[in-house]
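A.B. asks: final_9.pdb is the file, holding PDB, C-alpha atoms and all ligand atoms:
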```pdb
ATOM      1  CA  MET A  28      -5.661   4.555  20.886
ATOM      2  CA  ILE A  29      -3.580   5.389  17.783
ATOM      3  CA  LEU A  30      -4.251   7.000  14.437
ATOM      4  CA  ALA A  31      -2.325   5.232  11.665
ATOM      5  CA  VAL A  32      -1.759   7.451   8.612
ATOM      6  CA  ASP A  33      -0.639   6.102   5.208
ATOM      7  CA  VAL A  34       0.457   8.937   2.928
ATOM      8  CA  GLY A  35       0.622   7.500  -0.593
ATOM      9  CA  ASN A  36       1.316   9.263  -3.885
ATOM     10  CA  THR A  37      -2.406   9.480  -4.723
ATOM     11  CA  ARG A  38      -4.389   9.545  -1.487
ATOM     12  CA  ILE A  39      -4.047   9.565   2.283
ATOM     13  CA  LYS A  40      -5.616   6.663   4.172
ATOM     14  CA  ALA A  41      -6.016   6.804   7.944
ATOM     15  CA  ALA A  42      -7.412   4.392  10.544
ATOM     16  CA  VAL A  43      -8.149   4.566  14.277
ATOM     17  CA  PHE A  44      -6.943   1.536  16.278
ATOM     18  CA  GLU A  45      -7.742   0.519  19.856
ATOM     19  CA  GLY A  46      -5.027  -2.129  20.362
ATOM     20  CA  THR A  47      -5.430  -4.342  17.285
ATOM     21  CA  ILE A  48      -9.105  -3.405  16.751
ATOM     22  CA  LEU A  49      -9.651  -1.177  13.719
ATOM     23  CA  LEU A  50     -12.424   1.283  14.647
ATOM     24  CA  GLU A  51     -12.778   3.408  11.509
ATOM     25  CA  VAL A  52     -11.014   4.083   8.169
ATOM     26  CA  PHE A  53     -10.797   7.486   6.488
ATOM     27  CA  VAL A  54      -9.603   8.325   2.950
ATOM     28  CA  PHE A  55      -8.806  11.863   1.855
ATOM     29  CA  MET A  56      -6.591  13.871  -0.486
ATOM     30  CA  LYS A  57      -3.354  15.539   0.608
ATOM     31  CA  THR A  58      -5.004  18.959   0.300
ATOM     32  CA  GLU A  59      -7.511  17.951   2.996
ATOM     33  CA  LEU A  60      -4.907  16.596   5.418
ATOM     34  CA  GLU A  61      -5.052  19.122   8.266
ATOM     35  CA  LYS A  62      -8.855  19.428   8.350
ATOM     36  CA  SER A  63      -9.356  15.659   8.092
ATOM     37  CA  ILE A  64      -6.873  14.801  10.850
ATOM     38  CA  GLN A  65      -8.371  17.477  13.118
ATOM     39  CA  ASN A  66     -11.877  16.071  12.561
ATOM     40  CA  ILE A  67     -10.655  12.570  13.449
ATOM     41  CA  LEU A  68      -8.950  13.818  16.640
ATOM     42  CA  ASN A  69     -12.131  15.695  17.583
ATOM     43  CA  LYS A  70     -14.181  12.520  17.090
ATOM     44  CA  TYR A  71     -11.720  10.140  18.836
ATOM     45  CA  LYS A  72     -10.452  12.098  21.829
ATOM     46  CA  LYS A  73      -8.537   9.097  23.264
ATOM     47  CA  ILE A  74      -6.024   9.087  20.373
ATOM     48  CA  SER A  75      -2.569   9.491  21.963
ATOM     49  CA  HIS A  76      -0.324   8.758  18.972
ATOM     50  CA  LEU A  77      -0.226   9.521  15.262
ATOM     51  CA  VAL A  78       1.890   6.930  13.401
ATOM     52  CA  VAL A  79       2.721   8.068   9.883
ATOM     53  CA  SER A  80       4.102   6.174   6.871
ATOM     54  CA  SER A  81       4.806   8.622   4.071
ATOM     55  CA  VAL A  82       6.201   7.981   0.590
ATOM     56  CA  SER A  83       4.963  11.269  -0.758
ATOM     57  CA  ASP A  84       6.015  14.906  -0.500
ATOM     58  CA  VAL A  85       4.005  15.317   2.709
ATOM     59  CA  GLU A  86       6.569  15.800   5.458
ATOM     60  CA  LYS A  87       6.520  16.266   9.219
ATOM     61  CA  GLN A  88       5.758  19.966   8.749
ATOM     62  CA  ALA A  89       2.221  19.108   7.632
ATOM     63  CA  PHE A  90       1.507  17.538  11.047
ATOM     64  CA  ILE A  91       3.169  20.180  13.222
ATOM     65  CA  SER A  92      -0.144  21.708  14.342
ATOM     66  CA  PHE A  93      -1.002  18.429  16.124
ATOM     67  CA  GLU A  94       2.275  18.143  18.056
ATOM     68  CA  SER A  95       0.826  19.862  21.111
ATOM     69  CA  SER A  96      -2.044  17.391  21.454
ATOM     70  CA  VAL A  97      -0.663  13.996  20.331
ATOM     71  CA  ASN A  98       2.669  12.192  19.986
ATOM     72  CA  ILE A  99       3.656  11.946  16.341
ATOM     73  CA  HIS A 100       5.880   9.142  15.067
ATOM     74  CA  PHE A 101       7.075   9.180  11.474
ATOM     75  CA  VAL A 102       8.125   5.633  10.559
ATOM     76  CA  SER A 103      11.719   5.727   9.316
ATOM     77  CA  HIS A 104      14.523   3.392   8.322
ATOM     78  CA  LYS A 105      15.905   3.856  11.854
ATOM     79  CA  ASP A 106      12.940   1.997  13.410
ATOM     80  CA  SER A 107      13.068  -1.664  14.442
ATOM     81  CA  PHE A 108      11.577  -3.995  11.843
ATOM     82  CA  PRO A 109      10.862  -7.743  12.310
ATOM     83  CA  PHE A 110      12.779  -8.792   9.209
ATOM     84  CA  VAL A 111      16.337  -8.745   7.812
ATOM     85  CA  ASN A 112      16.500  -6.101   5.086
ATOM     86  CA  CYS A 113      18.370  -7.730   2.159
ATOM     87  CA  TYR A 114      17.687  -4.833  -0.227
ATOM     88  CA  GLU A 115      20.941  -3.614  -1.759
ATOM     89  CA  THR A 116      19.890   0.016  -1.193
ATOM     90  CA  PRO A 117      18.047  -0.300   2.169
ATOM     91  CA  GLN A 118      17.897   3.458   2.682
ATOM     92  CA  THR A 119      15.936   3.985  -0.557
ATOM     93  CA  LEU A 120      13.391   1.227   0.085
ATOM     94  CA  GLY A 121       9.933   2.785   0.372
ATOM     95  CA  ILE A 122       8.694   3.092   3.967
ATOM     96  CA  ASP A 123       5.322   1.794   2.757
ATOM     97  CA  ARG A 124       7.012  -1.340   1.450
ATOM     98  CA  MET A 125       8.865  -1.797   4.761
ATOM     99  CA  VAL A 126       5.618  -1.451   6.702
ATOM    100  CA  LEU A 127       3.880  -3.957   4.397
ATOM    101  CA  ALA A 128       6.787  -6.390   4.852
ATOM    102  CA  ALA A 129       6.649  -5.912   8.645
ATOM    103  CA  GLY A 130       2.896  -6.572   8.683
ATOM    104  CA  ALA A 131       3.253  -9.702   6.553
ATOM    105  CA  THR A 132       6.083 -10.945   8.803
ATOM    106  CA  LEU A 133       4.079 -10.375  12.006
ATOM    107  CA  GLN A 134       0.665 -11.520  10.728
ATOM    108  CA  PHE A 135       1.867 -14.626   8.827
ATOM    109  CA  PRO A 136       4.898 -15.958  10.741
ATOM    110  CA  SER A 137       7.314 -18.674   9.568
ATOM    111  CA  GLN A 138       6.245 -18.829   5.938
ATOM    112  CA  ASN A 139       7.081 -17.224   2.594
ATOM    113  CA  ARG A 140       4.946 -14.140   1.836
ATOM    114  CA  LEU A 141       4.383 -12.026  -1.262
ATOM    115  CA  VAL A 142       2.726  -8.648  -0.676
ATOM    116  CA  ILE A 143       1.228  -6.821  -3.678
ATOM    117  CA  ASP A 144       0.117  -3.212  -3.131
ATOM    118  CA  ALA A 145      -1.899  -1.926  -6.112
ATOM    119  CA  GLY A 146      -1.892   1.836  -5.573
ATOM    120  CA  THR A 147      -0.326   4.666  -7.564
ATOM    121  CA  CYS A 148       2.374   2.121  -8.258
ATOM    122  CA  VAL A 149       1.997  -1.625  -7.941
ATOM    123  CA  THR A 150       4.669  -2.860  -5.557
ATOM    124  CA  TYR A 151       5.710  -6.487  -5.065
ATOM    125  CA  ASP A 152       7.540  -7.404  -1.858
ATOM    126  CA  PHE A 153       8.782 -10.881  -0.964
ATOM    127  CA  ILE A 154       9.697 -11.977   2.573
ATOM    128  CA  ASP A 155      10.944 -15.545   2.940
ATOM    129  CA  GLU A 156      10.081 -18.007   5.726
ATOM    130  CA  ASN A 157      13.230 -16.973   7.640
ATOM    131  CA  ASP A 158      12.030 -13.342   7.719
ATOM    132  CA  ASN A 159      14.509 -12.150   5.092
ATOM    133  CA  TYR A 160      13.088  -9.286   3.030
ATOM    134  CA  LEU A 161      14.378 -10.251  -0.441
ATOM    135  CA  GLY A 162      12.994  -7.287  -2.449
ATOM    136  CA  GLY A 163      10.462  -7.279  -5.290
ATOM    137  CA  ALA A 164       9.367  -4.872  -8.012
ATOM    138  CA  ILE A 165       7.732  -1.520  -8.791
ATOM    139  CA  SER A 166       5.240  -1.190 -11.660
ATOM    140  CA  PRO A 167       2.780   1.529 -12.782
ATOM    141  CA  GLY A 168      -0.690   1.328 -11.199
ATOM    142  CA  LEU A 169      -3.923   1.429 -13.160
ATOM    143  CA  ARG A 170      -4.400   5.201 -13.063
ATOM    144  CA  LEU A 171      -0.765   5.801 -14.077
ATOM    145  CA  ARG A 172      -1.221   3.487 -17.062
ATOM    146  CA  TYR A 173      -4.266   5.413 -18.326
ATOM    147  CA  GLU A 174      -2.476   8.732 -17.820
ATOM    148  CA  ALA A 175       0.737   7.558 -19.509
ATOM    149  CA  LEU A 176      -1.176   6.430 -22.637
ATOM    150  CA  HIS A 177      -2.817   9.873 -22.838
ATOM    151  CA  ASN A 178       0.179  12.012 -21.872
ATOM    152  CA  TYR A 179       2.734  10.360 -24.136
ATOM    153  CA  THR A 180       0.681   9.922 -27.332
ATOM    154  CA  ALA A 181      -0.841  12.414 -29.773
ATOM    155  CA  LYS A 182      -4.350  11.021 -29.976
ATOM    156  CA  LEU A 183      -5.245   8.676 -27.116
ATOM    157  CA  PRO A 184      -7.943  10.009 -24.776
ATOM    158  CA  LEU A 185      -7.579  10.090 -20.988
ATOM    159  CA  LEU A 186      -9.915   7.389 -19.688
ATOM    160  CA  THR A 187     -10.796   6.265 -16.182
ATOM    161  CA  LEU A 188     -10.962   2.710 -14.922
ATOM    162  CA  GLU A 189     -13.582   0.514 -16.617
ATOM    163  CA  ASN A 190     -13.963  -3.202 -17.014
ATOM    164  CA  PRO A 191     -12.974  -4.108 -20.611
ATOM    165  CA  LYS A 192     -15.888  -5.608 -22.578
ATOM    166  CA  HIS A 193     -13.624  -7.829 -24.718
ATOM    167  CA  PHE A 194     -10.072  -9.132 -24.450
ATOM    168  CA  THR A 195      -9.801  -8.459 -28.193
ATOM    169  CA  ALA A 196     -11.082  -4.917 -28.184
ATOM    170  CA  LYS A 197     -12.964  -3.442 -31.158
ATOM    171  CA  SER A 198     -12.633   0.282 -30.508
ATOM    172  CA  THR A 199     -10.009   2.778 -29.337
ATOM    173  CA  SER A 200     -11.461   3.194 -25.847
ATOM    174  CA  GLU A 201     -11.957  -0.539 -25.442
ATOM    175  CA  SER A 202      -8.380  -1.148 -26.654
ATOM    176  CA  ILE A 203      -7.131   1.142 -23.903
ATOM    177  CA  HIS A 204      -9.279  -0.524 -21.216
ATOM    178  CA  SER A 205      -8.188  -3.986 -22.354
ATOM    179  CA  GLY A 206      -4.526  -3.009 -22.496
ATOM    180  CA  VAL A 207      -4.539  -1.323 -19.077
ATOM    181  CA  VAL A 208      -6.710  -3.767 -17.139
ATOM    182  CA  ASN A 209      -5.719  -7.062 -18.774
ATOM    183  CA  GLY A 210      -2.127  -5.865 -18.915
ATOM    184  CA  LEU A 211      -1.966  -5.402 -15.144
ATOM    185  CA  VAL A 212      -4.001  -8.540 -14.341
ATOM    186  CA  CYS A 213      -1.734 -10.652 -16.561
ATOM    187  CA  GLU A 214       1.330  -8.955 -15.066
ATOM    188  CA  ILE A 215       0.270  -9.751 -11.505
ATOM    189  CA  ASP A 216      -0.650 -13.383 -12.328
ATOM    190  CA  GLY A 217       2.614 -13.623 -14.264
ATOM    191  CA  PHE A 218       4.676 -12.329 -11.342
ATOM    192  CA  ILE A 219       2.957 -14.766  -8.963
ATOM    193  CA  ASN A 220       3.643 -17.673 -11.337
ATOM    194  CA  GLN A 221       7.279 -16.580 -11.575
ATOM    195  CA  TYR A 222       7.576 -16.675  -7.768
ATOM    196  CA  LYS A 223       5.837 -20.088  -7.767
ATOM    197  CA  ALA A 224       8.640 -21.387 -10.016
ATOM    198  CA  GLN A 225      11.170 -20.370  -7.332
ATOM    199  CA  PHE A 226       9.270 -20.972  -4.078
ATOM    200  CA  SER A 227       7.177 -24.119  -3.469
ATOM    201  CA  ASN A 228       4.654 -22.320  -1.316
ATOM    202  CA  PHE A 229       3.924 -18.790  -0.203
ATOM    203  CA  ILE A 230       0.909 -16.736   0.742
ATOM    204  CA  ILE A 231      -0.147 -13.735  -1.307
ATOM    205  CA  ILE A 232      -1.589 -10.554   0.216
ATOM    206  CA  LEU A 233      -3.178  -7.998  -2.128
ATOM    207  CA  THR A 234      -3.796  -4.453  -0.895
ATOM    208  CA  GLY A 235      -3.989  -0.862  -2.172
ATOM    209  CA  GLY A 236      -6.711   1.271  -3.728
ATOM    210  CA  ASP A 237      -7.318  -1.162  -6.589
ATOM    211  CA  THR A 238      -7.643  -4.264  -4.378
ATOM    212  CA  GLU A 239     -11.361  -4.868  -4.921
ATOM    213  CA  PHE A 240     -11.194  -4.278  -8.674
ATOM    214  CA  LEU A 241      -8.212  -6.582  -9.191
ATOM    215  CA  ALA A 242      -8.925  -9.352  -6.640
ATOM    216  CA  LYS A 243     -11.857 -10.797  -8.607
ATOM    217  CA  ARG A 244      -9.855 -10.819 -11.853
ATOM    218  CA  LEU A 245      -6.749 -12.643 -10.660
ATOM    219  CA  LYS A 246      -6.438 -16.376 -11.331
ATOM    220  CA  ASN A 247      -4.294 -16.990  -8.266
ATOM    221  CA  THR A 248      -5.707 -17.369  -4.745
ATOM    222  CA  ILE A 249      -4.883 -14.327  -2.667
ATOM    223  CA  PHE A 250      -5.738 -12.674   0.662
ATOM    224  CA  ALA A 251      -7.357  -9.371  -0.398
ATOM    225  CA  ASN A 252      -7.264  -6.696   2.326
ATOM    226  CA  SER A 253      -7.437  -3.031   1.307
ATOM    227  CA  ASN A 254      -6.568  -2.008   4.891
ATOM    228  CA  PHE A 255      -3.444  -4.174   5.120
ATOM    229  CA  LEU A 256      -0.981  -1.271   5.134
ATOM    230  CA  LEU A 257      -2.909   0.528   7.897
ATOM    231  CA  GLU A 258      -3.098  -2.666   9.985
ATOM    232  CA  SER A 259       0.610  -3.241   9.375
ATOM    233  CA  LEU A 260       1.374   0.339  10.410
ATOM    234  CA  ASN A 261      -0.386  -0.251  13.731
ATOM    235  CA  GLN A 262       1.441  -3.550  14.259
ATOM    236  CA  THR A 263       4.810  -2.082  13.254
ATOM    237  CA  PHE A 264       4.346   0.674  15.816
ATOM    238  CA  GLN A 265       3.440  -1.842  18.562
ATOM    239  CA  TYR A 266       6.540  -3.873  17.551
ATOM    240  CA  LYS A 267       8.727  -0.747  17.711
ATOM    241  CA  ILE A 268       7.498   0.103  21.233
ATOM    242  CA  LYS A 269       8.369  -3.421  22.397
ATOM    243  CA  ASN A 270      11.760  -3.596  20.664
ATOM    244  CA  ASP A 271      13.306  -0.129  20.632
TER     245      ASP A 271
HETATM  246  N1  LIG B 301     -11.427   7.962  -5.202
HETATM  247  C1  LIG B 301     -10.269   7.564  -5.771
HETATM  248  N2  LIG B 301      -9.348   8.480  -6.122
HETATM  249  C2  LIG B 301      -8.168   8.068  -6.677
HETATM  250  N3  LIG B 301      -7.843   6.777  -6.939
HETATM  251  C3  LIG B 301      -8.759   5.857  -6.598
HETATM  252  C4  LIG B 301     -10.002   6.185  -6.000
HETATM  253  N4  LIG B 301     -10.683   5.031  -5.772
HETATM  254  C5  LIG B 301      -9.912   4.038  -6.200
HETATM  255  N5  LIG B 301      -8.772   4.515  -6.718
HETATM  256  C6  LIG B 301      -7.732   3.682  -7.325
HETATM  257  O1  LIG B 301      -6.728   3.530  -6.321
HETATM  258  C7  LIG B 301      -5.439   3.740  -6.873
HETATM  259  C8  LIG B 301      -4.704   4.570  -5.863
HETATM  260  O2  LIG B 301      -4.661   3.728  -4.719
HETATM  261  P1  LIG B 301      -4.057   4.224  -3.345
HETATM  262  O3  LIG B 301      -3.860   3.001  -2.518
HETATM  263  O4  LIG B 301      -4.848   5.329  -2.793
HETATM  264  O5  LIG B 301      -2.656   4.810  -3.866
HETATM  265  P2  LIG B 301      -1.445   5.378  -3.000
HETATM  266  O6  LIG B 301      -1.338   4.537  -1.750
HETATM  267  O7  LIG B 301      -0.295   5.184  -3.947
HETATM  268  O8  LIG B 301      -1.779   6.807  -2.731
HETATM  269  C9  LIG B 301      -5.605   4.412  -8.230
HETATM  270  O9  LIG B 301      -4.858   3.669  -9.187
HETATM  271  C10 LIG B 301      -7.091   4.292  -8.550
HETATM  272  O10 LIG B 301      -7.308   3.373  -9.609
HETATM  273  C1  LIG B 302       7.224   2.675  -5.163
HETATM  274  C2  LIG B 302       6.475   3.677  -4.317
HETATM  275  C3  LIG B 302       6.400   5.012  -5.013
HETATM  276  C4  LIG B 302       5.047   3.141  -4.072
HETATM  277  O1  LIG B 302       4.278   4.136  -3.498
HETATM  278  P1  LIG B 302       2.665   4.207  -3.684
HETATM  279  O2  LIG B 302       2.298   3.467  -4.902
HETATM  280  O3  LIG B 302       2.148   3.508  -2.470
HETATM  281  O4  LIG B 302       2.303   5.636  -3.712
HETATM  282  C5  LIG B 302       7.170   3.813  -2.929
HETATM  283  O5  LIG B 302       7.289   2.535  -2.355
HETATM  284  C6  LIG B 302       8.554   4.426  -3.041
HETATM  285  O6  LIG B 302       8.672   5.623  -3.133
HETATM  286  N1  LIG B 302       9.621   3.556  -3.014
HETATM  287  C7  LIG B 302      11.000   4.034  -3.043
HETATM  288  C8  LIG B 302      11.852   3.194  -3.981
HETATM  289  C9  LIG B 302      11.971   1.703  -3.592
HETATM  290  O7  LIG B 302      11.076   1.176  -2.888
HETATM  291  O8  LIG B 302      12.966   1.067  -4.005
HETATM  292  K     K B 303       1.533   0.981  -3.786
END
```
Let me see the file written as structure tokens.

C.D. replies:
Amino acid sequence: MILAVDVGNTRIKAAVFEGTILLEVFVFMKTELEKSIQNILNKYKKISHLVVSSVSDVEKQAFISFESSVNIHFVSHKDSFPFVNCYETPQTLGIDRMVLAAGATLQFPSQNRLVIDAGTCVTYDFIDENDNYLGGAISPGLRLRYEALHNYTAKLPLLTLENPKHFTAKSTSESIHSGVVNGLVCEIDGFINQYKAQFSNFIIILTGGDTEFLAKRLKNTIFANSNFLLESLNQTFQYKIKND
């Protein structure tokens, strides 16, 4: 039994796996890390490994108190991955993006895949049918867009995510909601259409904290799975054990 831990720049997501079966998902803030992990280990006493993907400032030190009771593996660029990394700066590629690419490669073999992770940032990762990781893009997520409009202007208020009432907004708050939400929805559909111009067919996986909100607004057909990174983390770890 393993505990997969995804440390993002906003929240920590964790999931207990028995083989490939996902037993339970937990979401908590970085400040609650130690208490939350301890509670999970108390509840699931058969957990033997913690597998951690971190893109944030949470390092191994934060997990040191668990070293005596479980094996802890921090996914790193040194691990085996089931794809050829064609990124020009492979050592700077986000571990989360590598785990997403590994999951897409293992779960959807022998086809082109585009993974979109709508979290703090929106990341786009493309893996071709020959398992070459080609790269992608990094874009601000919904919360970042609201905060940027407030933090870098004199008068715009800080709003939280809301469905815009009109595309052509008729008030300041509605203009912000329309710009943030429709801006990202049009961006994502635009990126997908751009990839469609280059690749005849590919599958699209949408994940991240804003999966549910965005999935129903996108014109393109996608596989929406908010637990995709956690599932991929479990699969990447199983792959590593077999191939290291
Ligand atoms: N309770 C929440 N707290 C913070 N963000 C949330 C929450 N619920 C949904 N979200 C949305 O999820 C996004 C963060 O997604 P997440 O996958 O947790 O990010 P990361 O993996 O980068 O930490 C934010 O843009 C926000 O819109
Ligand atoms: C772009 C990211 C911040 C996304 O992280 P998240 O939105 O999941 O918090 C992360 O993938 C990262 O730190 N990447 C390093 C740069 C790169 O991938 O090229
Ligand atoms: K992300």

A.B. asks: Go through the shown structure with the PyMOL selection byres (((not hetatm)) within 10 of (chain B and resi 303)) and write out the matching residues as a list in words.

C.D. replies: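 Taken on the displayed file, the PyMOL selection byres (((not hetatm)) within 10 of (chain B and resi 303)) yields the residues Gly35, Asn36, Thr37, Val82, Gly121, Asp123, Arg124, Leu127, Ile143, Asp144, Ala145, Gly146, Thr147, Cys148, Val149, Thr150, Tyr151, Ile165, Ser166, Pro167, Gly168, Thr234, Gly235, Gly236, Asp237 and Leu256 of chain A.
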
A.B. asks: Nearest to Leu77 (chain A) among A:Phe153, A:Tyr179, A:Phe108, A:Phe93, with distances taken over all atoms listed in the file: which residue is it?

C.D. replies: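 The shortest atom-to-atom distance to Leu77 (chain A) comes from A:Phe93.
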
A.B. asks: Work out how far CA of Thr119 (chain A) is from atom N1 of ligand LIG 302 (chain B), in Å to one decimal.

C.D. replies: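 Taking atom N1 of ligand LIG 302 (chain B) and CA of Thr119 (chain A), their separation equals 6.8 Å.
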
A.B. asks: Considering only C-alpha atoms, return as a ChimeraX atom specification whatever protein or nucleic-acid residues lie within 10 Å of Phe240 (chain A), sequence-local ones (same chain, fewer than 4 positions apart) excluded.

C.D. replies: /A:145,188-190,208,236,244-245

A.B. asks: Let me have the centre and edge lengths in Å, one decimal, of the box along x, y and z around every listed atom of ligand LIG 302 (chain B) with 5 Å of margin on each side, as JSON.

C.D. replies:
```
{"center_x": 7.6, "center_y": 3.4, "center_z": -3.8, "size_x": 20.8, "size_y": 14.6, "size_z": 12.8}
```

A.B. asks: Written as a ChimeraX atom specification, which residues does the PyMOL selection byres (((chain A and resi 210-216) around 7) and not hetatm) give for the file shown?

C.D. replies: /A:206-209,217-220,241,244-247

A.B. asks: Those residues you just picked out, can you put them in a file as a PDB file, in the coordinates of the input with C-alpha atoms?

C.D. replies:
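Output saved as out34.pdb:
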```
ATOM      1  CA  GLY A 206      -4.526  -3.009 -22.496  1.00  0.00           C
ATOM      2  CA  VAL A 207      -4.539  -1.323 -19.077  1.00  0.00           C
ATOM      3  CA  VAL A 208      -6.710  -3.767 -17.139  1.00  0.00           C
ATOM      4  CA  ASN A 209      -5.719  -7.062 -18.774  1.00  0.00           C
ATOM      5  CA  GLY A 217       2.614 -13.623 -14.264  1.00  0.00           C
ATOM      6  CA  PHE A 218       4.676 -12.329 -11.342  1.00  0.00           C
ATOM      7  CA  ILE A 219       2.957 -14.766  -8.963  1.00  0.00           C
ATOM      8  CA  ASN A 220       3.643 -17.673 -11.337  1.00  0.00           C
ATOM      9  CA  LEU A 241      -8.212  -6.582  -9.191  1.00  0.00           C
ATOM     10  CA  ARG A 244      -9.855 -10.819 -11.853  1.00  0.00           C
ATOM     11  CA  LEU A 245      -6.749 -12.643 -10.660  1.00  0.00           C
ATOM     12  CA  LYS A 246      -6.438 -16.376 -11.331  1.00  0.00           C
ATOM     13  CA  ASN A 247      -4.294 -16.990  -8.266  1.00  0.00           C
TER      14      ASN A 247
END
```
